[in-house]
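Undergrad: What follows is a structure written as structure tokens; I'll ask about it next.
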Amino acid sequence: MSGWLLLFGGFPLLLLLFTSFLKQHPEKFFELSLSVESYAQLINPDYLLVFLRSTLLAGITTFVCLIVGYPFAWLTCRMPSRYRLLILIMIMIPFWTNSLIRTYAVRIIIGAKGIVNKLLLASGIIESPIRLMYTDTAVLLGLVYLMLPFMILPLYANIEKLDYRLVEASRDLGAGPYNTFRSVILPLTMPGIVAGCIMVFVPTMGLFYVASLLGGAKKLLIGNLIQHQFLVSHNWPLGSAMSTTLIGILVVMLLLYRVVLHQSDTAADRL
Amino acid sequence: MKKANQLYIAIVFIYLYVPIAVLIINAFNANRYGLQWDGFTLGWFQAMLNNHSLIEAARNSLLVAVSSATIATMIGALGAVAMYFHRFKGRKVVFGTIISLMMLPDIILAIALLVLFIILGLSLGFWSLLLAHITFCLPFTFVTVFARMQGFDPYLIEAARDLGASEGMVLRTIVFPLISPALIASWLLGFTLSLDDVIVSSFVAGPGFDVLPLRIFSMVKVGVKPEVNALAFLMILISIIFVATSYFLLKEKAHEN
């Protein structure tokens, strides 16, 4: 198994890193000579903009998932155990359903004559159908829709382990709901929050098909950019350089996770 | 307060399930664009069966999913057993690689494998897909089996050894029965991961070997295709069956403990 992991996991990644330092070739995928040309090409306002927008969009997606998912996970933990299991299963079903099919489903309901517009029209909130399809909002809606279970499951796993007596103790000692949340619940559930955020943020950057199916700008995510370099314009070194940069961003995030985890441990020790 | 909590949970479920419900309803809706209910029909299932390229892509996808789930479960289980019994050097490196592979965005793994296949001169098609799918399933199958092994009583194995059982006998009569629920769970997980994959497949699939996600992608890119609704219904059904199965496996495990 180790051999397999090295051959198909570690080795290709090194190859990718190597490719990112090669030169572009007009007919073949790359030319065998070392250069940092691709990285120089990356410092280009267009690409930087995509990186920025992609990070921003993934960030907003993560944030929305957290805001929706945290109360959900918390309330689920407070439910009687038979409901808890049912709720978890109902979260698992979309989680196990083909994500392309689910993106397509979002596409159907947000169309001009889709159910969302019908409901809004019927309720009198809007007077004429709004255009959701092919907007950044549609992409955000689709991304949150796909990634929400990825946020809820780690949060649930973490909140479930929380010793509720600590919350009660904090209340007994006179802390209001806000203070209890801020100085007891939040530090103790921080590992779950960060784990959930990573589970959402990392894959979101690569989900190019969501942007292609729902988005207006087709090169909205780094994933779209990388896909374009590899499958359309055949500039492999540039595509590899983009991927290497993406890995760099992710490694920084993982390091942050370790710092937060460490801080949360010390916070738990203090309690 | 209690009502408000339940309402919140209900709203999240509405968000998660309305799109799926609309898909399922449209699979049986005679109205091509699903704008209104024009009566019940099974016509889209017929259309799906008549769409040869879709059926062929589905067959290819199932072939890849079954083979990669089976092979990844076998390799993952062997790896988990080996890691459990032998505290060899480099164990940490293997764990590190597994975690990194799980964390790695699909798109990075996809292009890394594409570069590897092109350099090795492997033509893109069934074999490249199979190798790629085994690779991204492997960490998950390993972790599923390994987590299960962490839960068992080490004295069982010691007792068997004390009573004179050989290594092979221990594996056959103790380890294998204990991990078999995890084997099934990891196979289901691998199968689902493989069937669900869009990103890796769109890079390492070749022109001669069409798979379901790519077929669906090119069909829905241009507009609404009712055959896809019918297919979506079947795929949602599969995932519900799988979740139910692993739920029962889980319950059985909880029962034993």
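Ordered as shown in the structure tokens, chains take letters A, B, and onward, while each chain numbers its residues from 1 and ligands are numbered from 1 in the order shown.
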Against chain A, which residues of chain B fall within 8 Å? For each one I want the closest pair of atoms and the distance in Å (one decimal), counting only C-alpha atoms, rows by chain and increasing residue number, as a Markdown table.

TA:
```
| residue | atom | partner | partner_atom | distance |
| --- | --- | --- | --- | --- |
| B:Asn5 | CA | A:Leu75 | CA | 6.6 |
| B:Tyr8 | CA | A:Phe72 | CA | 7.4 |
| B:Ile9 | CA | A:Phe72 | CA | 6.2 |
| B:Val12 | CA | A:Phe72 | CA | 7.9 |
| B:Tyr15 | CA | A:Tyr145 | CA | 7.7 |
| B:Leu16 | CA | A:Tyr145 | CA | 6.7 |
| B:Tyr17 | CA | A:Pro94 | CA | 7.9 |
| B:Pro19 | CA | A:Ala105 | CA | 5.0 |
| B:Ile20 | CA | A:Ala105 | CA | 6.2 |
| B:Val22 | CA | A:Ala105 | CA | 7.4 |
| B:Leu23 | CA | A:Ala105 | CA | 6.0 |
| B:Leu35 | CA | A:Lys113 | CA | 6.7 |
| B:Ile75 | CA | A:Met1 | CA | 5.9 |
| B:Gly76 | CA | A:Met1 | CA | 6.9 |
| B:Leu78 | CA | A:Met1 | CA | 7.6 |
| B:Gly79 | CA | A:Met1 | CA | 5.5 |
| B:Val94 | CA | A:Ser2 | CA | 6.5 |
| B:Thr97 | CA | A:Leu5 | CA | 7.3 |
| B:Ile98 | CA | A:Leu5 | CA | 7.7 |
| B:Leu101 | CA | A:Gly9 | CA | 7.0 |
| B:Met103 | CA | A:Val202 | CA | 7.6 |
| B:Leu104 | CA | A:Val202 | CA | 7.8 |
| B:Pro105 | CA | A:Pro203 | CA | 5.2 |
| B:Asp106 | CA | A:Gly206 | CA | 7.0 |
| B:Ile107 | CA | A:Gly206 | CA | 5.8 |
| B:Ile108 | CA | A:Ser243 | CA | 6.2 |
| B:Leu109 | CA | A:Leu13 | CA | 7.5 |
| B:Ile111 | CA | A:Leu16 | CA | 7.7 |
| B:Ala112 | CA | A:Pro12 | CA | 4.9 |
| B:Leu113 | CA | A:Pro12 | CA | 5.7 |
| B:Val115 | CA | A:Leu16 | CA | 7.0 |
| B:Leu116 | CA | A:Pro12 | CA | 5.6 |
| B:Ala132 | CA | A:Phe8 | CA | 7.8 |
| B:Thr135 | CA | A:Phe8 | CA | 6.4 |
| B:Thr192 | CA | A:Trp96 | CA | 6.8 |
| B:Leu195 | CA | A:Asn98 | CA | 7.3 |
| B:Asp196 | CA | A:Asn98 | CA | 4.7 |
| B:Asp197 | CA | A:Asn98 | CA | 7.8 |
| B:Val198 | CA | A:Leu100 | CA | 7.2 |
| B:Ile199 | CA | A:Leu207 | CA | 7.5 |
| B:Phe203 | CA | A:Leu231 | CA | 7.6 |
| B:Pro213 | CA | A:Leu100 | CA | 7.0 |
| B:Ile216 | CA | A:Leu100 | CA | 8.0 |
| B:Phe217 | CA | A:Leu100 | CA | 7.4 |
| B:Val220 | CA | A:Tyr104 | CA | 7.2 |
| B:Lys221 | CA | A:Leu213 | CA | 6.1 |
| B:Val224 | CA | A:Ile108 | CA | 7.6 |
| B:Ala232 | CA | A:Ile101 | CA | 6.2 |
| B:Met235 | CA | A:Thr97 | CA | 7.1 |
| B:Ile236 | CA | A:Thr97 | CA | 5.8 |
| B:Ser239 | CA | A:Thr97 | CA | 5.6 |
| B:Ile240 | CA | A:Ile93 | CA | 5.9 |
| B:Val243 | CA | A:Ile93 | CA | 6.4 |
| B:Tyr247 | CA | A:Ile89 | CA | 7.9 |
```

Undergrad: Any chance you could export the current selection's C-alpha atoms as a compact mmCIF listing (two decimals), in the first residue's frame?

TA:
```txt
# COMPACT_ATOMS: atom_id res chain seq x y z
CA ASN B 5 -35.19 25.35 16.92
CA TYR B 8 -34.48 26.23 11.89
CA ILE B 9 -33.60 22.59 11.32
CA VAL B 12 -32.02 23.88 6.42
CA TYR B 15 -32.80 24.09 1.39
CA LEU B 16 -31.01 20.74 1.08
CA TYR B 17 -33.95 18.74 -0.21
CA PRO B 19 -33.63 20.80 -5.41
CA ILE B 20 -33.44 17.02 -5.06
CA VAL B 22 -37.74 18.89 -7.85
CA LEU B 23 -35.38 16.60 -9.77
CA LEU B 35 -42.30 24.10 -15.50
CA ILE B 75 -5.19 -2.68 -0.68
CA GLY B 76 -6.53 -0.42 2.07
CA LEU B 78 -4.11 -5.09 3.78
CA GLY B 79 -2.41 -1.81 4.60
CA VAL B 94 2.63 6.64 5.66
CA THR B 97 0.89 10.74 3.16
CA ILE B 98 -2.61 9.36 3.74
CA LEU B 101 -3.87 12.79 0.10
CA MET B 103 -6.78 16.85 2.22
CA LEU B 104 -5.46 17.44 -1.28
CA PRO B 105 -8.00 19.11 -3.59
CA ASP B 106 -9.11 16.70 -6.30
CA ILE B 107 -7.94 19.00 -9.03
CA ILE B 108 -4.32 18.87 -7.88
CA LEU B 109 -4.33 15.08 -7.71
CA ILE B 111 -3.40 17.02 -12.93
CA ALA B 112 -0.54 15.36 -11.04
CA LEU B 113 -1.79 11.97 -12.24
CA VAL B 115 1.25 14.46 -15.92
CA LEU B 116 2.37 11.06 -14.61
CA ALA B 132 -6.63 7.37 -10.51
CA THR B 135 -5.59 6.34 -5.64
CA THR B 192 -19.73 6.27 -4.01
CA LEU B 195 -19.20 7.35 -9.03
CA ASP B 196 -19.40 10.87 -7.64
CA ASP B 197 -16.08 12.02 -9.02
CA VAL B 198 -16.21 14.70 -11.69
CA ILE B 199 -12.90 16.47 -11.32
CA PHE B 203 -8.72 15.04 -16.60
CA PRO B 213 -20.06 12.58 -14.99
CA ILE B 216 -23.97 14.33 -17.82
CA PHE B 217 -21.85 17.46 -17.78
CA VAL B 220 -26.73 19.62 -19.01
CA LYS B 221 -24.31 22.35 -20.03
CA VAL B 224 -32.52 20.81 -19.41
CA ALA B 232 -30.61 11.43 -11.32
CA MET B 235 -28.55 7.77 -8.59
CA ILE B 236 -30.30 9.38 -5.63
CA SER B 239 -27.21 6.83 -2.44
CA ILE B 240 -30.22 6.40 -0.14
CA VAL B 243 -26.61 5.35 3.42
CA TYR B 247 -26.39 2.92 8.89
```

Undergrad: Got a sec: who's within 9 Å of Tyr257 in chain A, counting only C-alpha atoms, leaving out chain neighbours fewer than 2 positions off, as a JSON list (two decimals) with C-alpha atoms, in the first residue's frame?

TA:
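Here's the written file result_22.json:
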```
[["chain", "number", "residue", "atom", "x", "y", "z"],
["A", 191, "PRO", "CA", -11.23, 22.56, 16.51],
["A", 194, "VAL", "CA", -11.55, 25.00, 11.88],
["A", 195, "ALA", "CA", -11.89, 21.40, 10.68],
["A", 198, "ILE", "CA", -10.92, 23.47, 5.95],
["A", 252, "VAL", "CA", -0.45, 27.95, 5.10],
["A", 253, "MET", "CA", -4.06, 27.26, 6.11],
["A", 254, "LEU", "CA", -3.15, 23.89, 7.62],
["A", 255, "LEU", "CA", -0.37, 25.51, 9.63],
["A", 259, "VAL", "CA", -1.85, 27.01, 15.75],
["A", 260, "VAL", "CA", -5.59, 27.30, 16.47],
["A", 261, "LEU", "CA", -5.72, 23.71, 17.70],
["A", 262, "HIS", "CA", -2.84, 24.41, 20.06]]
```

Undergrad: When DSSP is applied to the backbone of this structure, which of range 12-244 of chain B are assigned helix (DSSP H, G or I)? Write them out as JSON, numbers by chain.

TA: {"B": [12, 13, 14, 15, 16, 17, 18, 19, 20, 21, 22, 23, 24, 25, 26, 27, 43, 44, 45, 46, 47, 48, 49, 50, 52, 53, 54, 55, 56, 57, 58, 59, 60, 61, 62, 63, 64, 65, 66, 67, 68, 69, 70, 71, 72, 73, 74, 75, 76, 77, 78, 79, 80, 81, 82, 83, 84, 85, 91, 92, 93, 94, 95, 96, 97, 98, 99, 100, 101, 102, 103, 106, 107, 108, 109, 110, 111, 112, 113, 114, 115, 116, 117, 118, 119, 120, 126, 127, 128, 129, 130, 131, 132, 133, 134, 135, 136, 137, 138, 139, 140, 141, 142, 143, 144, 145, 146, 147, 148, 149, 150, 154, 155, 156, 157, 158, 159, 160, 161, 162, 167, 168, 169, 170, 171, 172, 173, 174, 175, 176, 177, 178, 179, 180, 181, 182, 183, 184, 185, 186, 187, 188, 189, 190, 191, 192, 193, 194, 195, 196, 199, 200, 201, 202, 203, 204, 212, 213, 214, 215, 216, 217, 218, 219, 220, 226, 227, 228, 229, 230, 231, 232, 233, 234, 235, 236, 237, 238, 239, 240, 241, 242, 243, 244]}

Undergrad: If you count only C-alpha atoms, which residues fall within 9 Å of Ile159 in chain A, apart from same-chain ones fewer than 6 positions away, as a list in words?

TA: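 That gives Ala73, Trp74, Cys77, Ile185, Leu188, Thr189 and Gly192 of chain A.
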
Undergrad: For C-alpha atoms, I'd like the residues from the last selection saved as an mmCIF file, in the first residue's frame.

TA:
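File produced: selection-v3.cif:
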```
data_model
loop_
_atom_site.group_PDB
_atom_site.id
_atom_site.type_symbol
_atom_site.label_atom_id
_atom_site.label_comp_id
_atom_site.auth_asym_id
_atom_site.auth_seq_id
_atom_site.Cartn_x
_atom_site.Cartn_y
_atom_site.Cartn_z
ATOM 1 C CA ALA A 73 -25.049 21.251 14.499
ATOM 2 C CA TRP A 74 -25.618 22.766 17.940
ATOM 3 C CA CYS A 77 -26.789 17.905 19.517
ATOM 4 C CA ILE A 185 -18.419 27.276 23.955
ATOM 5 C CA LEU A 188 -13.977 24.457 23.090
ATOM 6 C CA THR A 189 -15.585 23.971 19.693
ATOM 7 C CA GLY A 192 -14.562 21.583 14.946
#
```

Undergrad: Fewer than 2 positions away in the same chain doesn't count, so skip those; otherwise give me all residues within 9 Å of Ser194 in chain B, counting only C-alpha atoms, as a PyMOL selection string.

TA: chain B and resi 61-62+64-66+68-69+133-134+136-137+189-192+196-198

Undergrad: Which value, in Å to one decimal, gives the distance between CA of Val167 in chain A and CA of Ala10 in chain B?

TA: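 One can read the CA of Val167 in chain A to CA of Ala10 in chain B distance as 25.7 Å.
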
Undergrad: Go through B:Phe28, B:Tyr84, B:Phe176, B:Phe40 and flag the residue nearest Val143 in chain B, using only C-alpha atoms for the distances.

TA: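 Among the listed residues, B:Tyr84 lies closest to Val143 in chain B.
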